[in-house]
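The next block holds one structure in the form of structure tokens; read it before the comments.
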Protein chains: 2
Amino acid sequence: MASLLRLPSLLAPAAARPAALLRHRGRCLHTSPARLCPAATAAGASSAAPVKMETRGGDREGQVTPRSTDFNAWYTDVIDAAELADYGPVRGTMVIRPYGYAIWEAIQDYLNVKFKETGHSNMYFPQFIPYSFIEKEASHVQGFSPELAVVTIGGGKELEEKLVVRPTSETIVNHMFTKWIQSYRDLPLMINQWANVTRWEMRTKPFIRTLEFLWQEGHTAHATLEEAEKEAMQMIDVYTKFAYEQAAIPVIPGRKSRVETFAGADRTYTIEAMMGDKKALQAGTSHNLGQNFSRAFETQFMDENGQLEHVWQTSWAISTRFVGGIIMTHGDDAGLMLPPRIAPIQVVIVPIWKKGDEKGVVMEAVASVQNTLKEAGIRVKVDDSELRTPGWKFNFYEMKGVPIRIELGPRDVKNRSVVLCRRDVPGKQGKEFGISMEPSILVDHIKGRLEEIQASLLQKAITFRDSNIVDVNSYGELKEVISEGKWARGPWSASDADELKVKEETSATIRCFPFDQPEGAKKCFMTGNPADEVAIFAKSY
Amino acid sequence: MASLLRLPSLLAPAAARPAALLRHRGRCLHTSPARLCPAATAAGASSAAPVKMETRGGDREGQVTPRSTDFNAWYTDVIDAAELADYGPVRGTMVIRPYGYAIWEAIQDYLNVKFKETGHSNMYFPQFIPYSFIEKEASHVQGFSPELAVVTIGGGKELEEKLVVRPTSETIVNHMFTKWIQSYRDLPLMINQWANVTRWEMRTKPFIRTLEFLWQEGHTAHATLEEAEKEAMQMIDVYTKFAYEQAAIPVIPGRKSRVETFAGADRTYTIEAMMGDKKALQAGTSHNLGQNFSRAFETQFMDENGQLEHVWQTSWAISTRFVGGIIMTHGDDAGLMLPPRIAPIQVVIVPIWKKGDEKGVVMEAVASVQNTLKEAGIRVKVDDSELRTPGWKFNFYEMKGVPIRIELGPRDVKNRSVVLCRRDVPGKQGKEFGISMEPSILVDHIKGRLEEIQASLLQKAITFRDSNIVDVNSYGELKEVISEGKWARGPWSASDADELKVKEETSATIRCFPFDQPEGAKKCFMTGNPADEVAIFAKSY
């Protein structure tokens with residue numbers, strides 16, 4: 001049986017990727033001397049440009065490339081302007097800035113609790129893996145070594161055995177599992193680690209595909225196939241719930257086709273998300289590894305009858321790629337749009353005053369409202385900087401995707417009320433005037449609005465998704481649907497070769513056989529043979 | 001001015017280290033076929049040994065090397081028997097097992113909140129650093145390159161520029177700070193990252209010194225020296241409070257001598273802990289980096305008068321080494337002893353029943369007590385395994401350092417009471433009978449006991465520390481004190497050469513000039529010259 005040492009990647013194979021390169025687009029947040037911003041020079045900016053300190057944060061927020069004009073340019077502009085990430089000095093690497101990292105922390109906080117509730121413990125494996133662990137399985141892992149970063153020098157000396165910087169941890173996990181597992185009493189063994197991993201990707205894109213990324217990788221060992229299958233399903237379910245309920249991303253959970261299942265797994269489950277440009281993003285995977293790794297690493301246990309058996313395993317992962325998925329699902333021309341449940345800032349308060357004598361009363365009311373919201377467990381920020389106008393701040397926090405803005409000026413103080421603006425409803429329609437400052441009223445109102453926004457973002461994404469998935473009954477129909485950039489769904493029971501032909505001719509791949517299947521008899525749109533299931537085809541990141 | 005790119009290490013220089021090697025001591029938790037446990041073969045164990053499944057977790061718990069016999073052997077035995085960590089396949093690497101990782105998580109949970117309260121944001125920098133960043137400063141970093149792991153192959157190709165796997169992040173942090181900082185308005189910039197770091201150590205010891213370890217590294221940039229100094233002091237204060245209040249380790253905070261200050265820092269502050277063998281452990285450091293890195297990386301800002309200035313910086317770190325410090329501070333012959341505030345399990349409940357008809361009532365009471373404690377926010381575990389005797393479980397959870405054990409049998413159920421055993425008070429003295437199961441009484445009682453244990457561990461460690469620090473007034477006295485394995489404290493204003501002489505002749509180094517200084521005039525015990533401060537000398541890890 002084929003044993004692939006590589007965790008079925010969250011990152012799609014290079015061949016299937018668009019030519020989007022991780023490149024510094026020659027833009028900097030700061031208008032600054034070129035010395036301080038090499039890319040500006042690269043882009044031909046004048047190195048004699050004066051330092052304008054008032055441009056902190058850039059004058060260009062709100063001036064990102066419109067999403068409809070160039071989705072990829074919009075994406076990298078938003079990452080830059082919302083201060084989510086920056087480019088590292090090594091090609092393809094990324095610095096995750098505080099605001100981007102806070103979104104990742106929100107993902108971690110939720111999943112970490114769920115992993116523990118479902119019986120997993122966190123631990124940590126070393127990131128250096130002996131090359132022999134990988135080589136041992138080299139015949140099974142075509143295309144794996146091209147993605148490895150290899151340490152050959154340690155302590156000033158050439159190493160006797162080269163070390164691989166983990167691209168995933170199955171090999172080292174199984175090496176240890178073999179040591180720890182003796183008896184059925186040691187099972188199930190269910191662990192998770194939060195770690196960095198390295199894959200030498202040629203075409204990179206911030207968050208979506210970087211040389212190094214952060215993820216969690218769960219690894220479990222069980223006494224039976226049934227238990228492993230149940231675990232793999234349980235974890236794709238945890239991911240699905242997270243995507244829907246926290247990230248407001250209506251992913252489609254399903255099973256990968258044989259072609260798309262990684263060779264180390266018997267089955268790969270996936271959650272597939274539709275991005276704003278209608279391309280699919282594989283946002284999380286869970287694998288039933290069968291006994292592939294336990295056979296390769298002799299991970300055995302004595303069963304209740306005294307028989308030595310190989311353990312049955314799973315692995316599952318979600319990475320910082322998910323942050324990219326959030327940006328590309330909800331963002332609009334004004335920038336990022338964050339679902340309240342994972343927004344680092346749920347409410348931003350912008351004080352407004354003109355005359356010096358107004359400042360005192362406004363700031364007092366702002367402090368009081370801030371305190372009220374904070375005590376109610378709402379993540380609130382006050383921007384009381386006097387270096388920026390209220391208008392600039394409005395744009396900036398829209399760019400940052402903060403769900404609710406509160407405006408508070410002298411007249412509001414007099415009326416004991418505030419003005420509320422929803423990020424997800426543009427213009428006057430999203431504004432509410434005269435919301436009482438009375439703590440219980442204000443808190444209830446804002447909590448209600450946050451829930452509404454959360455639900456509304458999900459509903460909008462569902463509507464978008466459903467209006468862009470088209471049922472097809474012939475290959476011709478599929479081609480047309482794919483050429484329109486949409487997702488095609490149709491009955492499929494054709495061969496792997498047919499699947500590869502579709503990929504070659506349309507650039508679309510089977511994203512999954514969705515768990516949610518239409519009832520009734522079906523005929524494969526390619527062959528006309530009976531088909532048990534519909535598959536979803538799409539171009540993907 | 002000297003700029004050392006290396007963060008003053010939590011790991012003392014190799015020269016000062018004991019010869020303790022990270023070695024598999026030829027012992028395995030599991031009595032198992034040698035195939036599954038190579039070290040057993042290495043140690044001459046018969047490969048024909050039968051699999052005894054009932055020895056899961058080992059028969060050898062409670063049979064670790066006595067602490068008084070061989071402290072180092074005791075240390076590695078406890079790590080093994082309490083399932084804190086295991087050896088990775090690559091020399092000098094460590095797998096942090098769930099129980100050990102849970103202690104690290106407790107450290108993280110506390111510090112992460114404190115870092116945010118003190119104005120820092122988490123973020124993430126890539127771990128690959130261009131070799132040129134390091135080479136740029138090579139002349140200043142004698143002895144640095146010997147500790148580097150270097151990636152020379154990526155994606156199957158020899159890299160044009162070699163990449164260093166971060167041993168610390170000053171270089172890459174400053175590279176990015178230079179990009180982000182323009183004006184005084186961008187300051188202070190205060191960030192932290194939780195990350196893995198790699199140092200090619202030759203002599204390793206689990207948790208204390210490993211090739212790869214986990215840590216947090218804080219990095220800040222300020223407009224003035226005063227602000228940087230205040231920040232460096234603030235963070236050593238956060239570490240000190242953590243050590244005292246959470247880990248019950250009475251560290252001595254102070255300033256490093258010039259010899260022990262790393263060349264990249266103007267000042268290094270440290271917390272020094274006395275281990276059970278009286279050796280010192282540098283448990284955390286905070287550095288005032290001055291302008292050393294900002295000059296090397298041209299990290300400049302425009303001040304309020306329009307002048308370009310270099311920023312003033314700090315960095316500070318605590319690592320998984322701290323877990324080793326907890327083991328070596330509180331452990332005893334029976335194993336680990338954990339301070340309740342950082343114990344992953346605060347209370348373990350061991351049900352006791354002999355006849356089958358007793359089981360039902362006992363388990364019902366156990367579930368009720370468990371629920372009561374859980375709801376009160378106490379971290380409680382029930383071990384209801386029928387594979388082990390209560391006696392075995394008593395030993396096992398003592399080995400794991402669980403602060404309180406509850407025993408619950410049929411007679412206790414009848415009396416509506418439980419038996420309580422304190423981990424830190426051996427024998428009958430630590431036992432309390434007839435503690436009411438009445439939720440409010442039980443919860444209050446246990447919370448009180450947990451606080452008592454926390455305070456008692458700290459007090460015991462203070463007493464031990466203070467009885468092993470001896471004031472000295474001559475070099476002869478110092479030699480005697482050090483040869484007894486104790487710490488020597490005495491007035492010091494001698495030269496760096498004298499300090500190195502002490503190290504050479506006694507193996508002791510200046511651990512710090514403690515912040516807490518005796519009043520009155522002092523004379524240097526080495527030279528007889530006036531001295532402003534006393535220094536503490538000790539052998540260290």
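We label chains A, B, ... in the order they appear in the structure tokens, count residues from 1 in each chain, and number ligands from 1 in the order shown.
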*Find the residues in chain B near chain A: any atom within 7 Å counts, using only C-alpha atoms. Write them as a PyMOL selection string.*
chain B and resi 36-37+53+88+90+93-98+101+121-126+130+145-156+178-179+183+200+212
*asked:* Give me, as a PyMOL selection string, all polymer residues having an atom no more than 10 Å from Lys460 of chain B, counting only C-alpha atoms and skipping those fewer than 2 positions away in the same chain.
replied: chain B and resi 248-250+329-330+455-458+462-466
_Those of segment 235-454 of chain B in DSSP alpha helix (DSSP H), formatted as a PyMOL selection string_ = chain B and resi 235-241+292-296+321-330+356-375+390-399+410-415+439-454
Just-selected residues, C-alpha atoms written as an mmCIF file, in the first residue's frame:
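Okay, again18.cif is ready:
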data_model
loop_
_atom_site.group_PDB
_atom_site.id
_atom_site.type_symbol
_atom_site.label_atom_id
_atom_site.label_comp_id
_atom_site.auth_asym_id
_atom_site.auth_seq_id
_atom_site.Cartn_x
_atom_site.Cartn_y
_atom_site.Cartn_z
ATOM 1 C CA MET B 235 9.783 43.153 31.935
ATOM 2 C CA ILE B 236 12.294 41.698 34.406
ATOM 3 C CA ASP B 237 9.713 42.684 37.008
ATOM 4 C CA VAL B 238 6.979 40.781 35.127
ATOM 5 C CA TYR B 239 9.273 37.729 35.077
ATOM 6 C CA THR B 240 10.088 38.085 38.772
ATOM 7 C CA LYS B 241 6.423 38.265 39.754
ATOM 8 C CA ASN B 292 23.440 48.967 19.310
ATOM 9 C CA PHE B 293 21.049 47.240 16.954
ATOM 10 C CA SER B 294 19.457 50.415 15.647
ATOM 11 C CA ARG B 295 22.903 51.670 14.629
ATOM 12 C CA ALA B 296 23.752 48.366 12.964
ATOM 13 C CA ARG B 321 14.041 26.084 30.154
ATOM 14 C CA PHE B 322 11.743 27.440 32.870
ATOM 15 C CA VAL B 323 9.959 24.071 32.992
ATOM 16 C CA GLY B 324 13.304 22.511 33.928
ATOM 17 C CA GLY B 325 13.642 25.132 36.638
ATOM 18 C CA ILE B 326 10.278 24.146 38.132
ATOM 19 C CA ILE B 327 11.269 20.478 38.195
ATOM 20 C CA MET B 328 14.639 21.185 39.818
ATOM 21 C CA THR B 329 13.258 23.648 42.369
ATOM 22 C CA HIS B 330 10.372 21.688 43.848
ATOM 23 C CA GLY B 356 -18.384 -4.993 42.465
ATOM 24 C CA ASP B 357 -21.437 -3.697 44.276
ATOM 25 C CA GLU B 358 -19.368 -0.907 45.797
ATOM 26 C CA LYS B 359 -18.365 0.487 42.441
ATOM 27 C CA GLY B 360 -21.683 2.121 41.614
ATOM 28 C CA VAL B 361 -22.018 4.214 44.738
ATOM 29 C CA VAL B 362 -18.346 5.146 44.772
ATOM 30 C CA MET B 363 -18.308 6.231 41.133
ATOM 31 C CA GLU B 364 -21.478 8.212 41.614
ATOM 32 C CA ALA B 365 -19.905 10.131 44.496
ATOM 33 C CA VAL B 366 -16.684 10.567 42.496
ATOM 34 C CA ALA B 367 -18.589 12.065 39.568
ATOM 35 C CA SER B 368 -20.408 14.416 41.903
ATOM 36 C CA VAL B 369 -17.206 15.590 43.592
ATOM 37 C CA GLN B 370 -15.491 15.965 40.230
ATOM 38 C CA ASN B 371 -18.344 18.082 38.988
ATOM 39 C CA THR B 372 -18.351 20.243 42.094
ATOM 40 C CA LEU B 373 -14.633 20.976 41.775
ATOM 41 C CA LYS B 374 -14.777 21.532 38.038
ATOM 42 C CA GLU B 375 -17.564 24.048 38.407
ATOM 43 C CA PRO B 390 -5.172 2.653 43.960
ATOM 44 C CA GLY B 391 -1.684 2.274 45.424
ATOM 45 C CA TRP B 392 -0.134 2.396 41.983
ATOM 46 C CA LYS B 393 -2.145 5.514 41.202
ATOM 47 C CA PHE B 394 -1.049 7.206 44.428
ATOM 48 C CA ASN B 395 2.572 6.789 43.385
ATOM 49 C CA PHE B 396 1.930 7.798 39.790
ATOM 50 C CA TYR B 397 0.262 11.112 40.623
ATOM 51 C CA GLU B 398 2.848 11.837 43.258
ATOM 52 C CA MET B 399 5.436 11.337 40.523
ATOM 53 C CA PRO B 410 -17.442 3.145 50.197
ATOM 54 C CA ARG B 411 -16.981 4.254 53.812
ATOM 55 C CA ASP B 412 -16.346 7.820 52.666
ATOM 56 C CA VAL B 413 -19.534 7.721 50.619
ATOM 57 C CA LYS B 414 -21.433 6.567 53.707
ATOM 58 C CA ASN B 415 -19.962 9.430 55.741
ATOM 59 C CA PRO B 439 -19.913 21.364 47.832
ATOM 60 C CA SER B 440 -19.394 24.718 49.501
ATOM 61 C CA ILE B 441 -17.351 23.188 52.319
ATOM 62 C CA LEU B 442 -15.273 20.985 50.051
ATOM 63 C CA VAL B 443 -14.537 23.726 47.517
ATOM 64 C CA ASP B 444 -13.549 26.213 50.189
ATOM 65 C CA HIS B 445 -11.395 23.632 51.880
ATOM 66 C CA ILE B 446 -9.588 22.612 48.712
ATOM 67 C CA LYS B 447 -9.099 26.162 47.498
ATOM 68 C CA GLY B 448 -7.620 26.986 50.856
ATOM 69 C CA ARG B 449 -5.315 23.991 50.742
ATOM 70 C CA LEU B 450 -4.168 24.828 47.212
ATOM 71 C CA GLU B 451 -3.242 28.319 48.348
ATOM 72 C CA GLU B 452 -1.462 26.882 51.380
ATOM 73 C CA ILE B 453 0.518 24.517 49.187
ATOM 74 C CA GLN B 454 1.402 27.339 46.816
#
*Do you know which residues are at most 12 Å from Lys400 of chain A counting only C-alpha atoms, after dropping those on the same chain fewer than 5 positions away, and could you put them as a VMD selection string?*
chain A and resid 57 61 to 62 77 to 84 99 to 100 103 327 330 to 339 343 to 348 393 to 395 405 423
Suppose we keep C-alpha atoms; can you now write the selection as an mmCIF file, in the first residue's frame?
data_model
loop_
_atom_site.group_PDB
_atom_site.id
_atom_site.type_symbol
_atom_site.label_atom_id
_atom_site.label_comp_id
_atom_site.auth_asym_id
_atom_site.auth_seq_id
_atom_site.Cartn_x
_atom_site.Cartn_y
_atom_site.Cartn_z
ATOM 1 C CA GLY A 57 -0.323 54.481 8.046
ATOM 2 C CA GLU A 61 -5.800 53.525 2.738
ATOM 3 C CA GLY A 62 -9.111 53.593 1.049
ATOM 4 C CA ASP A 77 -3.193 46.064 -1.170
ATOM 5 C CA VAL A 78 -5.619 45.237 1.636
ATOM 6 C CA ILE A 79 -2.996 43.135 3.445
ATOM 7 C CA ASP A 80 -0.668 46.088 3.232
ATOM 8 C CA ALA A 81 -3.123 48.869 4.087
ATOM 9 C CA ALA A 82 -4.847 46.986 6.920
ATOM 10 C CA GLU A 83 -1.401 46.124 8.325
ATOM 11 C CA LEU A 84 -2.030 42.395 8.312
ATOM 12 C CA TYR A 99 -3.429 42.843 13.437
ATOM 13 C CA GLY A 100 -3.070 39.789 11.195
ATOM 14 C CA ILE A 103 -6.964 37.102 13.684
ATOM 15 C CA ILE A 327 -9.905 38.367 3.649
ATOM 16 C CA HIS A 330 -15.683 39.103 3.076
ATOM 17 C CA GLY A 331 -13.556 42.013 1.872
ATOM 18 C CA ASP A 332 -14.809 44.770 -0.416
ATOM 19 C CA ASP A 333 -13.452 47.863 -2.147
ATOM 20 C CA ALA A 334 -13.176 49.629 1.214
ATOM 21 C CA GLY A 335 -10.925 46.868 2.531
ATOM 22 C CA LEU A 336 -11.221 44.081 5.025
ATOM 23 C CA MET A 337 -14.548 43.062 6.552
ATOM 24 C CA LEU A 338 -14.255 40.914 9.649
ATOM 25 C CA PRO A 339 -16.916 38.669 11.168
ATOM 26 C CA ALA A 343 -12.542 40.452 14.844
ATOM 27 C CA PRO A 344 -9.667 41.630 17.088
ATOM 28 C CA ILE A 345 -11.578 44.901 17.430
ATOM 29 C CA GLN A 346 -15.375 44.584 17.379
ATOM 30 C CA VAL A 347 -16.172 48.218 18.045
ATOM 31 C CA VAL A 348 -14.029 51.284 17.427
ATOM 32 C CA LYS A 393 -10.136 57.253 11.055
ATOM 33 C CA PHE A 394 -13.450 56.226 9.511
ATOM 34 C CA ASN A 395 -11.614 55.067 6.405
ATOM 35 C CA ARG A 405 -17.902 52.187 14.536
ATOM 36 C CA ARG A 423 -19.040 48.160 8.354
#
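Shortest atom-to-atom contact with Ala228 of chain B among B:Asn473, B:Phe242, B:Asn288, B:Gly276: B:Asn288, counting only C-alpha atoms.
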_For Leu111 of chain B: contacts at 10 Å, only C-alpha atoms, fewer than 2 positions along chain excluded, given as a PyMOL selection string_ = chain B and resi 105-109+113-117+216+238-239+242+318
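Of the listed residues B:Ile271, B:Ile406, B:Ala538, B:Leu308, the one whose atoms come nearest to Arg422 of chain B is B:Ile406, with distances taken using only C-alpha atoms.
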*Non-local contacts of Val534 of chain A (9 Å; only C-alpha atoms; under 4 positions in same chain excluded) as a PyMOL selection string*: chain A and resi 489-493+512-514+517-518+522+524
*Please provide the set of residues having any atom within 9 Å of Ser257 of chain B, restricted to only C-alpha atoms, with same-chain residues fewer than 3 positions apart removed, written as a ChimeraX atom specification.*
/B:260-261,267-268,496,510-513,535
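If only C-alpha atoms are the atoms counted, then among A:Phe515, A:Glu386, A:Thr320, A:Ser540 the closest residue to Lys354 of chain A is A:Glu386.
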